[in-house]
$ cat query-v4.txt   # compact mmCIF, N, CA, C and O atoms
# COMPACT_ATOMS: atom_id res chain seq x y z
N MET A 1 0.84 -1.18 0.00
CA MET A 1 0.00 0.00 0.00
C MET A 1 0.88 1.24 0.00
O MET A 1 1.97 1.23 0.57
N CYS A 2 0.39 2.27 -0.60
CA CYS A 2 1.12 3.54 -0.64
C CYS A 2 1.07 4.16 0.76
O CYS A 2 0.00 4.31 1.33
N LYS A 3 2.21 4.53 1.29
CA LYS A 3 2.29 5.13 2.62
C LYS A 3 1.62 6.50 2.65
O LYS A 3 1.06 6.90 3.65
N LYS A 4 1.63 7.21 1.52
CA LYS A 4 1.08 8.56 1.50
C LYS A 4 -0.45 8.57 1.47
O LYS A 4 -1.09 9.25 2.25
N CYS A 5 -1.06 7.78 0.57
CA CYS A 5 -2.52 7.82 0.43
C CYS A 5 -3.23 6.58 0.97
O CYS A 5 -4.45 6.59 1.14
N GLY A 6 -2.48 5.51 1.23
CA GLY A 6 -3.07 4.30 1.80
C GLY A 6 -3.76 3.39 0.80
O GLY A 6 -4.34 2.38 1.18
N LYS A 7 -3.68 3.71 -0.48
CA LYS A 7 -4.30 2.87 -1.51
C LYS A 7 -3.41 1.68 -1.84
O LYS A 7 -2.19 1.74 -1.71
N ALA A 8 -4.03 0.59 -2.30
CA ALA A 8 -3.29 -0.61 -2.65
C ALA A 8 -2.41 -0.37 -3.88
O ALA A 8 -2.84 0.29 -4.83
N ILE A 9 -1.19 -0.89 -3.83
CA ILE A 9 -0.27 -0.77 -4.96
C ILE A 9 -0.60 -1.89 -5.94
O ILE A 9 -0.56 -3.05 -5.60
N GLY A 10 -0.94 -1.53 -7.17
CA GLY A 10 -1.34 -2.50 -8.17
C GLY A 10 -0.21 -2.97 -9.07
O GLY A 10 -0.46 -3.59 -10.09
N LEU A 11 1.02 -2.68 -8.71
CA LEU A 11 2.16 -3.06 -9.54
C LEU A 11 2.76 -4.37 -9.07
O LEU A 11 2.89 -4.60 -7.87
N ALA A 12 3.16 -5.21 -10.01
CA ALA A 12 3.81 -6.48 -9.66
C ALA A 12 5.24 -6.23 -9.20
O ALA A 12 5.73 -6.92 -8.32
N GLU A 13 5.90 -5.26 -9.80
CA GLU A 13 7.29 -4.94 -9.45
C GLU A 13 7.42 -3.44 -9.28
O GLU A 13 6.86 -2.66 -10.05
N ILE A 14 8.16 -3.03 -8.26
CA ILE A 14 8.39 -1.60 -8.03
C ILE A 14 9.84 -1.29 -8.34
O ILE A 14 10.75 -1.89 -7.78
N VAL A 15 10.04 -0.35 -9.26
CA VAL A 15 11.37 0.10 -9.64
C VAL A 15 11.53 1.55 -9.18
O VAL A 15 10.57 2.16 -8.70
N ARG A 16 12.71 2.10 -9.32
CA ARG A 16 12.98 3.44 -8.81
C ARG A 16 12.01 4.49 -9.33
O ARG A 16 11.62 5.40 -8.61
N SER A 17 11.57 4.37 -10.55
CA SER A 17 10.70 5.39 -11.15
C SER A 17 9.21 5.14 -10.91
O SER A 17 8.38 5.92 -11.37
N SER A 18 8.85 4.10 -10.17
CA SER A 18 7.43 3.78 -9.92
C SER A 18 6.78 4.84 -9.02
O SER A 18 7.37 5.28 -8.04
N THR A 19 5.57 5.22 -9.41
CA THR A 19 4.80 6.17 -8.60
C THR A 19 3.41 5.62 -8.35
O THR A 19 2.92 4.77 -9.08
N CYS A 20 2.77 6.12 -7.31
CA CYS A 20 1.41 5.70 -6.97
C CYS A 20 0.46 6.22 -8.04
O CYS A 20 0.51 7.40 -8.39
N GLU A 21 -0.39 5.35 -8.54
CA GLU A 21 -1.33 5.77 -9.58
C GLU A 21 -2.41 6.69 -9.05
O GLU A 21 -3.10 7.35 -9.83
N PHE A 22 -2.58 6.79 -7.74
CA PHE A 22 -3.62 7.63 -7.16
C PHE A 22 -3.12 9.00 -6.72
O PHE A 22 -3.76 10.01 -6.99
N CYS A 23 -1.95 9.04 -6.04
CA CYS A 23 -1.48 10.32 -5.51
C CYS A 23 -0.16 10.79 -6.12
O CYS A 23 0.27 11.91 -5.87
N GLY A 24 0.50 9.94 -6.90
CA GLY A 24 1.74 10.32 -7.57
C GLY A 24 2.99 10.23 -6.70
O GLY A 24 4.07 10.61 -7.13
N ALA A 25 2.87 9.70 -5.48
CA ALA A 25 4.02 9.59 -4.58
C ALA A 25 5.01 8.55 -5.11
O ALA A 25 4.62 7.57 -5.74
N ASP A 26 6.29 8.78 -4.84
CA ASP A 26 7.32 7.81 -5.20
C ASP A 26 7.11 6.54 -4.38
O ASP A 26 6.91 6.61 -3.17
N LEU A 27 7.16 5.38 -5.03
CA LEU A 27 6.95 4.12 -4.32
C LEU A 27 8.25 3.47 -3.88
O LEU A 27 8.28 2.78 -2.86
N HIS A 28 9.34 3.65 -4.63
CA HIS A 28 10.63 3.09 -4.25
C HIS A 28 11.30 4.06 -3.27
O HIS A 28 12.29 4.71 -3.57
N SER A 29 10.71 4.17 -2.08
CA SER A 29 11.19 5.10 -1.08
C SER A 29 11.25 4.41 0.28
O SER A 29 10.62 3.37 0.49
N CYS A 30 11.99 4.99 1.19
CA CYS A 30 12.16 4.39 2.51
C CYS A 30 10.83 4.12 3.22
O CYS A 30 10.65 3.06 3.82
N VAL A 31 9.91 5.08 3.17
CA VAL A 31 8.65 4.92 3.92
C VAL A 31 7.79 3.77 3.39
O VAL A 31 6.90 3.30 4.09
N ASN A 32 8.06 3.28 2.19
CA ASN A 32 7.32 2.16 1.63
C ASN A 32 8.09 0.84 1.72
O ASN A 32 7.71 -0.15 1.12
N CYS A 33 9.18 0.82 2.49
CA CYS A 33 10.05 -0.35 2.57
C CYS A 33 9.80 -1.14 3.86
O CYS A 33 9.51 -0.56 4.91
N THR A 34 9.95 -2.45 3.78
CA THR A 34 9.78 -3.29 4.98
C THR A 34 10.85 -3.01 6.02
O THR A 34 10.63 -3.26 7.20
N PHE A 35 12.00 -2.49 5.62
CA PHE A 35 13.08 -2.21 6.56
C PHE A 35 12.95 -0.85 7.25
O PHE A 35 13.67 -0.56 8.20
N TYR A 36 12.02 0.00 6.80
CA TYR A 36 11.87 1.33 7.39
C TYR A 36 11.39 1.21 8.83
O TYR A 36 10.39 0.55 9.13
N SER A 37 12.12 1.84 9.72
CA SER A 37 11.78 1.83 11.13
C SER A 37 12.26 3.13 11.75
O SER A 37 13.44 3.27 12.08
N GLN A 38 11.35 4.07 11.90
CA GLN A 38 11.71 5.37 12.43
C GLN A 38 12.32 5.20 13.82
O GLN A 38 11.79 4.49 14.66
N GLY A 39 13.46 5.82 14.03
CA GLY A 39 14.17 5.72 15.30
C GLY A 39 15.35 4.77 15.25
O GLY A 39 16.24 4.84 16.09
N SER A 40 15.37 3.88 14.27
CA SER A 40 16.52 3.00 14.08
C SER A 40 17.65 3.80 13.44
O SER A 40 17.45 4.91 12.97
N HIS A 41 18.86 3.20 13.39
CA HIS A 41 19.99 3.85 12.74
C HIS A 41 19.62 4.14 11.29
O HIS A 41 19.27 3.23 10.54
N TYR A 42 19.70 5.38 10.88
CA TYR A 42 19.27 5.86 9.55
C TYR A 42 17.80 5.55 9.28
O TYR A 42 17.36 5.52 8.14
N ASP A 43 17.02 5.29 10.32
CA ASP A 43 15.60 4.92 10.21
C ASP A 43 15.41 3.65 9.38
O ASP A 43 14.42 3.48 8.68
N CYS A 44 16.37 2.74 9.48
CA CYS A 44 16.35 1.52 8.67
C CYS A 44 16.86 0.35 9.49
O CYS A 44 17.88 0.45 10.17
N ARG A 45 16.15 -0.78 9.41
CA ARG A 45 16.58 -1.99 10.12
C ARG A 45 17.61 -2.80 9.35
O ARG A 45 18.14 -3.76 9.86
N GLU A 46 17.91 -2.43 8.11
CA GLU A 46 18.94 -3.10 7.32
C GLU A 46 20.28 -2.50 7.74
O GLU A 46 20.54 -1.32 7.48
N PRO A 47 21.16 -3.28 8.39
CA PRO A 47 22.40 -2.71 8.93
C PRO A 47 23.39 -2.22 7.88
O PRO A 47 24.24 -1.39 8.18
N ASN A 48 23.29 -2.68 6.65
CA ASN A 48 24.24 -2.28 5.61
C ASN A 48 23.74 -1.14 4.73
O ASN A 48 24.45 -0.72 3.81
N ALA A 49 22.56 -0.65 4.98
CA ALA A 49 21.99 0.42 4.16
C ALA A 49 22.72 1.74 4.39
O ALA A 49 23.17 2.03 5.51
N GLU A 50 22.81 2.52 3.34
CA GLU A 50 23.43 3.84 3.44
C GLU A 50 22.36 4.87 3.79
O GLU A 50 21.17 4.64 3.62
N LEU A 51 22.80 6.03 4.28
CA LEU A 51 21.89 7.09 4.66
C LEU A 51 21.11 7.61 3.45
O LEU A 51 21.70 7.91 2.41
N VAL A 52 19.82 7.71 3.60
CA VAL A 52 18.95 8.35 2.61
C VAL A 52 18.29 9.51 3.35
O VAL A 52 17.58 9.30 4.32
N ARG A 53 18.56 10.72 2.92
CA ARG A 53 18.09 11.89 3.66
C ARG A 53 16.57 12.09 3.55
O ARG A 53 15.91 12.32 4.55
N ASP A 54 16.03 12.04 2.36
CA ASP A 54 14.59 12.25 2.18
C ASP A 54 13.92 10.89 2.07
O ASP A 54 13.98 10.23 1.04
N LYS A 55 13.26 10.47 3.12
CA LYS A 55 12.68 9.12 3.22
C LYS A 55 11.45 8.94 2.33
O LYS A 55 11.01 7.82 2.13
N GLU A 56 10.88 10.03 1.82
CA GLU A 56 9.66 9.93 1.01
C GLU A 56 9.92 10.02 -0.49
O GLU A 56 9.00 9.87 -1.28
N ARG A 57 11.17 10.24 -0.89
CA ARG A 57 11.51 10.36 -2.30
C ARG A 57 12.15 9.08 -2.81
O ARG A 57 12.73 8.31 -2.05
N ALA A 58 12.07 8.86 -4.11
CA ALA A 58 12.67 7.68 -4.73
C ALA A 58 14.18 7.67 -4.46
O ALA A 58 14.81 8.71 -4.40
N ASN A 59 14.72 6.46 -4.28
CA ASN A 59 16.15 6.34 -4.01
C ASN A 59 16.71 5.11 -4.72
O ASN A 59 15.98 4.35 -5.34
N PHE A 60 18.01 4.91 -4.59
CA PHE A 60 18.69 3.81 -5.27
C PHE A 60 19.05 2.67 -4.32
O PHE A 60 19.92 1.87 -4.62
N CYS A 61 18.41 2.58 -3.17
CA CYS A 61 18.76 1.57 -2.18
C CYS A 61 18.57 0.15 -2.74
O CYS A 61 17.51 -0.21 -3.23
N ASP A 62 19.64 -0.65 -2.66
CA ASP A 62 19.60 -2.03 -3.15
C ASP A 62 18.84 -2.96 -2.22
O ASP A 62 18.50 -4.07 -2.59
N TYR A 63 18.59 -2.52 -0.99
CA TYR A 63 17.91 -3.36 -0.01
C TYR A 63 16.40 -3.16 0.00
O TYR A 63 15.69 -3.81 0.77
N PHE A 64 15.89 -2.26 -0.84
CA PHE A 64 14.46 -1.96 -0.84
C PHE A 64 13.61 -3.22 -1.05
O PHE A 64 13.87 -4.02 -1.95
N SER A 65 12.61 -3.37 -0.21
CA SER A 65 11.63 -4.44 -0.32
C SER A 65 10.29 -3.83 0.03
O SER A 65 10.10 -3.33 1.15
N VAL A 66 9.36 -3.84 -0.90
CA VAL A 66 8.09 -3.16 -0.69
C VAL A 66 7.34 -3.73 0.51
O VAL A 66 7.25 -4.94 0.70
N ASN A 67 6.84 -2.83 1.33
CA ASN A 67 6.06 -3.20 2.50
C ASN A 67 4.59 -3.21 2.11
O ASN A 67 3.94 -2.19 2.08
N ARG A 68 4.07 -4.37 1.80
CA ARG A 68 2.68 -4.49 1.35
C ARG A 68 1.70 -4.38 2.50
O ARG A 68 0.50 -4.29 2.29
N ALA A 69 2.17 -4.39 3.74
CA ALA A 69 1.29 -4.33 4.92
C ALA A 69 1.00 -2.90 5.37
O ALA A 69 0.23 -2.69 6.28
N ILE A 70 1.61 -1.89 4.74
CA ILE A 70 1.40 -0.49 5.14
C ILE A 70 -0.07 -0.13 4.98
O ILE A 70 -0.72 -0.47 4.02
N GLY A 71 -0.58 0.58 5.98
CA GLY A 71 -1.94 1.10 5.90
C GLY A 71 -3.00 0.15 6.40
O GLY A 71 -4.17 0.40 6.24
N GLY A 72 -2.63 -0.95 7.02
CA GLY A 72 -3.62 -1.83 7.60
C GLY A 72 -3.99 -2.99 6.72
O GLY A 72 -4.31 -4.05 7.21
N GLY A 73 -3.99 -2.83 5.42
CA GLY A 73 -4.26 -3.93 4.49
C GLY A 73 -5.53 -4.67 4.76
O GLY A 73 -6.49 -4.16 5.31
N ALA A 74 -5.56 -5.96 4.38
CA ALA A 74 -6.75 -6.77 4.51
C ALA A 74 -6.83 -7.46 5.86
O ALA A 74 -7.77 -8.18 6.14
N GLY A 75 -5.83 -7.27 6.73
CA GLY A 75 -5.86 -7.85 8.05
C GLY A 75 -5.52 -9.32 8.08
O GLY A 75 -6.00 -10.04 8.94
N SER A 76 -4.72 -9.80 7.15
CA SER A 76 -4.33 -11.20 7.14
C SER A 76 -3.41 -11.50 8.31
O SER A 76 -2.81 -10.61 8.90
N GLY A 77 -3.28 -12.77 8.65
CA GLY A 77 -2.41 -13.17 9.74
C GLY A 77 -0.97 -12.78 9.49
O GLY A 77 -0.25 -12.41 10.40
N ALA A 78 -0.53 -12.85 8.24
CA ALA A 78 0.85 -12.52 7.92
C ALA A 78 1.12 -11.04 8.18
O ALA A 78 2.16 -10.68 8.72
N SER A 79 0.19 -10.15 7.82
CA SER A 79 0.44 -8.73 8.03
C SER A 79 0.39 -8.39 9.52
O SER A 79 1.10 -7.50 9.97
N LYS A 80 -0.42 -9.09 10.31
CA LYS A 80 -0.44 -8.87 11.76
C LYS A 80 0.88 -9.30 12.37
O LYS A 80 1.43 -8.62 13.23
N ALA A 81 1.40 -10.43 11.91
CA ALA A 81 2.69 -10.91 12.42
C ALA A 81 3.80 -9.94 12.04
O ALA A 81 4.67 -9.64 12.86
N GLU A 82 3.78 -9.45 10.81
CA GLU A 82 4.80 -8.50 10.37
C GLU A 82 4.70 -7.20 11.17
O GLU A 82 5.71 -6.64 11.57
N SER A 83 3.49 -6.74 11.45
CA SER A 83 3.30 -5.54 12.25
C SER A 83 3.86 -5.73 13.65
O SER A 83 4.49 -4.83 14.20
N ALA A 84 3.64 -6.90 14.21
CA ALA A 84 4.17 -7.20 15.55
C ALA A 84 5.69 -7.21 15.54
O ALA A 84 6.33 -6.66 16.45
N ARG A 85 6.29 -7.82 14.51
CA ARG A 85 7.75 -7.84 14.40
C ARG A 85 8.31 -6.43 14.24
O ARG A 85 9.32 -6.08 14.84
N ASN A 86 7.64 -5.61 13.43
CA ASN A 86 8.10 -4.24 13.23
C ASN A 86 8.02 -3.44 14.52
O ASN A 86 8.92 -2.66 14.84
N ALA A 87 6.93 -3.62 15.27
CA ALA A 87 6.78 -2.91 16.53
C ALA A 87 7.86 -3.35 17.53
O ALA A 87 8.44 -2.52 18.23
N PHE A 88 8.14 -4.64 17.59
CA PHE A 88 9.19 -5.16 18.48
C PHE A 88 10.54 -4.60 18.09
O PHE A 88 11.31 -4.14 18.94
N ALA A 89 10.84 -4.60 16.78
CA ALA A 89 12.13 -4.09 16.31
C ALA A 89 12.27 -2.61 16.60
O ALA A 89 13.34 -2.14 16.98
N ALA A 90 11.20 -1.86 16.44
CA ALA A 90 11.25 -0.42 16.72
C ALA A 90 11.46 -0.16 18.21
O ALA A 90 12.18 0.76 18.60
N LEU A 91 10.85 -0.99 19.04
CA LEU A 91 10.96 -0.81 20.48
C LEU A 91 12.35 -1.18 21.01
O LEU A 91 12.93 -0.46 21.81
N PHE A 92 12.89 -2.28 20.53
CA PHE A 92 14.15 -2.78 21.05
C PHE A 92 15.33 -2.56 20.11
O PHE A 92 16.45 -2.95 20.42
N GLY A 93 15.09 -1.97 18.95
CA GLY A 93 16.18 -1.63 18.03
C GLY A 93 16.91 -2.82 17.43
O GLY A 93 18.08 -2.74 17.12
N SER A 94 16.19 -3.92 17.25
CA SER A 94 16.86 -5.10 16.67
C SER A 94 16.53 -5.25 15.21
O SER A 94 15.74 -4.62 14.64
$ encode --input "query-v4.txt" --output "structure tokens"
Amino acid sequence: MCKKCGKAIGLAEIVRSSTCEFCGADLHSCVNCTFYSQGSHYDCREPNAELVRDKERANFCDYFSVNRAIGGGAGSGASKAESARNAFAALFGS
């Protein structure tokens, strides 16, 4: 889901130039990544990632993995488990 508008991402693959079809936001950005964790080192749980200053703009990060659970989604068990892991990682910095 797009972090900016909360709409479902209808793309099979997200590349650096991908944008949300509803709001035009960059999709290959930190805020749409599974590793994004505000408060972590560089706001990222990937220890080898380099600093990206603008977390909402497209970037060249090789570790990017789209976070399909952003925005609440359909409430599947997998997204609840991922949300719990993200909350734990944000709390304990792991």
$ residues_around --input "query-v4.txt" --residues "A:Met1" --least-positions-apart "3" --cutoff "5 Å" --atoms "all atoms listed in the file" --output "ChimeraX atom specification"
/A:7-9,67-68,70
$ atom_distance --input "query-v4.txt" --atom1 "atom C of A:Ala90" --atom2 "atom O of A:Gln38"
5.9 Å
$ atom_distance --input "query-v4.txt" --atom1 "atom CA of A:Cys30" --atom2 "atom CA of A:Val15"
12.9 Å
$ closest_residue --input "query-v4.txt" --among "A:Ser65, A:Ala81, A:Leu51, A:Asn86" --to "A:Thr34" --atoms "all atoms listed in the file"
A:Ser65
$ closest_residue --input "query-v4.txt" --among "A:Gly6, A:Asp43, A:Cys23, A:Cys33" --to "A:Asp62" --atoms "only C-alpha atoms"
A:Cys33
$ closest_residue --input "query-v4.txt" --among "A:Val52, A:Ala89, A:Phe64, A:Ser40" --to "A:Ile14" --atoms "all atoms listed in the file"
A:Phe64
$ atom_distance --input "query-v4.txt" --atom1 "atom N of A:Leu27" --atom2 "atom N of A:Arg85"
23.6 Å
$ closest_residue --input "query-v4.txt" --among "A:Glu21, A:Val31, A:Lys3, A:Ala87" --to "A:Arg53" --atoms "only C-alpha atoms"
A:Val31
$ closest_residue --input "query-v4.txt" --among "A:Asp26, A:Cys5, A:Arg57, A:Tyr63" --to "A:Cys44" --atoms "only C-alpha atoms"
A:Tyr63
$ build_atoms --input "query-v4.txt" --residues "stretch 51-62 of chain A" --atoms "all heavy atoms" --output "PDB file, keeping the file's coordinate frame"
ATOM      1  N   LEU A  51      22.800   6.030   4.280  1.00  0.00           N
ATOM      2  CA  LEU A  51      21.890   7.090   4.660  1.00  0.00           C
ATOM      3  C   LEU A  51      21.110   7.610   3.450  1.00  0.00           C
ATOM      4  O   LEU A  51      21.700   7.910   2.410  1.00  0.00           O
ATOM      5  CB  LEU A  51      22.654   8.248   5.297  1.00  0.00           C
ATOM      6  CG  LEU A  51      21.852   9.503   5.600  1.00  0.00           C
ATOM      7  CD1 LEU A  51      20.764   9.206   6.634  1.00  0.00           C
ATOM      8  CD2 LEU A  51      22.751  10.613   6.071  1.00  0.00           C
ATOM      9  N   VAL A  52      19.820   7.710   3.600  1.00  0.00           N
ATOM     10  CA  VAL A  52      18.950   8.350   2.610  1.00  0.00           C
ATOM     11  C   VAL A  52      18.290   9.510   3.350  1.00  0.00           C
ATOM     12  O   VAL A  52      17.580   9.300   4.320  1.00  0.00           O
ATOM     13  CB  VAL A  52      17.876   7.374   2.069  1.00  0.00           C
ATOM     14  CG1 VAL A  52      16.914   8.108   1.153  1.00  0.00           C
ATOM     15  CG2 VAL A  52      18.528   6.208   1.357  1.00  0.00           C
ATOM     16  N   ARG A  53      18.560  10.720   2.920  1.00  0.00           N
ATOM     17  CA  ARG A  53      18.090  11.890   3.660  1.00  0.00           C
ATOM     18  C   ARG A  53      16.570  12.090   3.550  1.00  0.00           C
ATOM     19  O   ARG A  53      15.910  12.320   4.550  1.00  0.00           O
ATOM     20  CB  ARG A  53      18.818  13.137   3.197  1.00  0.00           C
ATOM     21  CG  ARG A  53      20.301  13.058   3.505  1.00  0.00           C
ATOM     22  CD  ARG A  53      20.899  14.419   3.744  1.00  0.00           C
ATOM     23  NE  ARG A  53      22.331  14.310   3.963  1.00  0.00           N
ATOM     24  CZ  ARG A  53      22.885  14.110   5.143  1.00  0.00           C
ATOM     25  NH1 ARG A  53      22.132  13.982   6.204  1.00  0.00           N
ATOM     26  NH2 ARG A  53      24.193  14.033   5.267  1.00  0.00           N
ATOM     27  N   ASP A  54      16.030  12.040   2.360  1.00  0.00           N
ATOM     28  CA  ASP A  54      14.590  12.250   2.180  1.00  0.00           C
ATOM     29  C   ASP A  54      13.920  10.890   2.070  1.00  0.00           C
ATOM     30  O   ASP A  54      13.980  10.230   1.040  1.00  0.00           O
ATOM     31  CB  ASP A  54      14.318  13.094   0.934  1.00  0.00           C
ATOM     32  CG  ASP A  54      12.869  13.555   0.836  1.00  0.00           C
ATOM     33  OD1 ASP A  54      11.999  12.987   1.540  1.00  0.00           O
ATOM     34  OD2 ASP A  54      12.604  14.481   0.058  1.00  0.00           O
ATOM     35  N   LYS A  55      13.260  10.470   3.120  1.00  0.00           N
ATOM     36  CA  LYS A  55      12.680   9.120   3.220  1.00  0.00           C
ATOM     37  C   LYS A  55      11.450   8.940   2.330  1.00  0.00           C
ATOM     38  O   LYS A  55      11.010   7.820   2.130  1.00  0.00           O
ATOM     39  CB  LYS A  55      12.290   8.805   4.669  1.00  0.00           C
ATOM     40  CG  LYS A  55      13.399   9.016   5.670  1.00  0.00           C
ATOM     41  CD  LYS A  55      14.531   8.068   5.452  1.00  0.00           C
ATOM     42  CE  LYS A  55      15.549   8.220   6.570  1.00  0.00           C
ATOM     43  NZ  LYS A  55      16.852   7.803   6.235  1.00  0.00           N
ATOM     44  N   GLU A  56      10.880  10.030   1.820  1.00  0.00           N
ATOM     45  CA  GLU A  56       9.660   9.930   1.010  1.00  0.00           C
ATOM     46  C   GLU A  56       9.920  10.020  -0.490  1.00  0.00           C
ATOM     47  O   GLU A  56       9.000   9.870  -1.280  1.00  0.00           O
ATOM     48  CB  GLU A  56       8.668  11.018   1.434  1.00  0.00           C
ATOM     49  CG  GLU A  56       8.179  10.803   2.849  1.00  0.00           C
ATOM     50  CD  GLU A  56       7.096  11.769   3.255  1.00  0.00           C
ATOM     51  OE1 GLU A  56       6.502  12.434   2.380  1.00  0.00           O
ATOM     52  OE2 GLU A  56       6.822  11.857   4.466  1.00  0.00           O
ATOM     53  N   ARG A  57      11.170  10.240  -0.890  1.00  0.00           N
ATOM     54  CA  ARG A  57      11.510  10.360  -2.300  1.00  0.00           C
ATOM     55  C   ARG A  57      12.150   9.080  -2.810  1.00  0.00           C
ATOM     56  O   ARG A  57      12.730   8.310  -2.050  1.00  0.00           O
ATOM     57  CB  ARG A  57      12.491  11.525  -2.524  1.00  0.00           C
ATOM     58  CG  ARG A  57      11.962  12.900  -2.143  1.00  0.00           C
ATOM     59  CD  ARG A  57      10.733  13.311  -2.956  1.00  0.00           C
ATOM     60  NE  ARG A  57      10.941  13.173  -4.370  1.00  0.00           N
ATOM     61  CZ  ARG A  57      11.022  14.162  -5.228  1.00  0.00           C
ATOM     62  NH1 ARG A  57      10.907  15.389  -4.829  1.00  0.00           N
ATOM     63  NH2 ARG A  57      11.210  13.917  -6.501  1.00  0.00           N
ATOM     64  N   ALA A  58      12.070   8.860  -4.110  1.00  0.00           N
ATOM     65  CA  ALA A  58      12.670   7.680  -4.730  1.00  0.00           C
ATOM     66  C   ALA A  58      14.180   7.670  -4.460  1.00  0.00           C
ATOM     67  O   ALA A  58      14.810   8.710  -4.400  1.00  0.00           O
ATOM     68  CB  ALA A  58      12.412   7.689  -6.230  1.00  0.00           C
ATOM     69  N   ASN A  59      14.720   6.460  -4.280  1.00  0.00           N
ATOM     70  CA  ASN A  59      16.150   6.340  -4.010  1.00  0.00           C
ATOM     71  C   ASN A  59      16.710   5.110  -4.720  1.00  0.00           C
ATOM     72  O   ASN A  59      15.980   4.350  -5.340  1.00  0.00           O
ATOM     73  CB  ASN A  59      16.407   6.286  -2.503  1.00  0.00           C
ATOM     74  CG  ASN A  59      15.702   5.128  -1.849  1.00  0.00           C
ATOM     75  OD1 ASN A  59      15.918   3.971  -2.181  1.00  0.00           O
ATOM     76  ND2 ASN A  59      14.835   5.434  -0.884  1.00  0.00           N
ATOM     77  N   PHE A  60      18.010   4.910  -4.590  1.00  0.00           N
ATOM     78  CA  PHE A  60      18.690   3.810  -5.270  1.00  0.00           C
ATOM     79  C   PHE A  60      19.050   2.670  -4.320  1.00  0.00           C
ATOM     80  O   PHE A  60      19.920   1.870  -4.620  1.00  0.00           O
ATOM     81  CB  PHE A  60      19.967   4.320  -5.946  1.00  0.00           C
ATOM     82  CG  PHE A  60      19.704   5.231  -7.112  1.00  0.00           C
ATOM     83  CD1 PHE A  60      19.797   6.601  -6.968  1.00  0.00           C
ATOM     84  CD2 PHE A  60      19.357   4.713  -8.349  1.00  0.00           C
ATOM     85  CE1 PHE A  60      19.565   7.446  -8.042  1.00  0.00           C
ATOM     86  CE2 PHE A  60      19.117   5.546  -9.431  1.00  0.00           C
ATOM     87  CZ  PHE A  60      19.224   6.915  -9.276  1.00  0.00           C
ATOM     88  N   CYS A  61      18.410   2.580  -3.170  1.00  0.00           N
ATOM     89  CA  CYS A  61      18.760   1.570  -2.180  1.00  0.00           C
ATOM     90  C   CYS A  61      18.570   0.150  -2.740  1.00  0.00           C
ATOM     91  O   CYS A  61      17.510  -0.210  -3.230  1.00  0.00           O
ATOM     92  CB  CYS A  61      17.909   1.730  -0.924  1.00  0.00           C
ATOM     93  SG  CYS A  61      18.316   0.548   0.362  1.00  0.00           S
ATOM     94  N   ASP A  62      19.640  -0.650  -2.660  1.00  0.00           N
ATOM     95  CA  ASP A  62      19.600  -2.030  -3.150  1.00  0.00           C
ATOM     96  C   ASP A  62      18.840  -2.960  -2.220  1.00  0.00           C
ATOM     97  O   ASP A  62      18.500  -4.070  -2.590  1.00  0.00           O
ATOM     98  CB  ASP A  62      21.018  -2.567  -3.334  1.00  0.00           C
ATOM     99  CG  ASP A  62      21.758  -1.877  -4.464  1.00  0.00           C
ATOM    100  OD1 ASP A  62      21.096  -1.437  -5.423  1.00  0.00           O
ATOM    101  OD2 ASP A  62      22.992  -1.778  -4.384  1.00  0.00           O
TER     102      ASP A  62
END
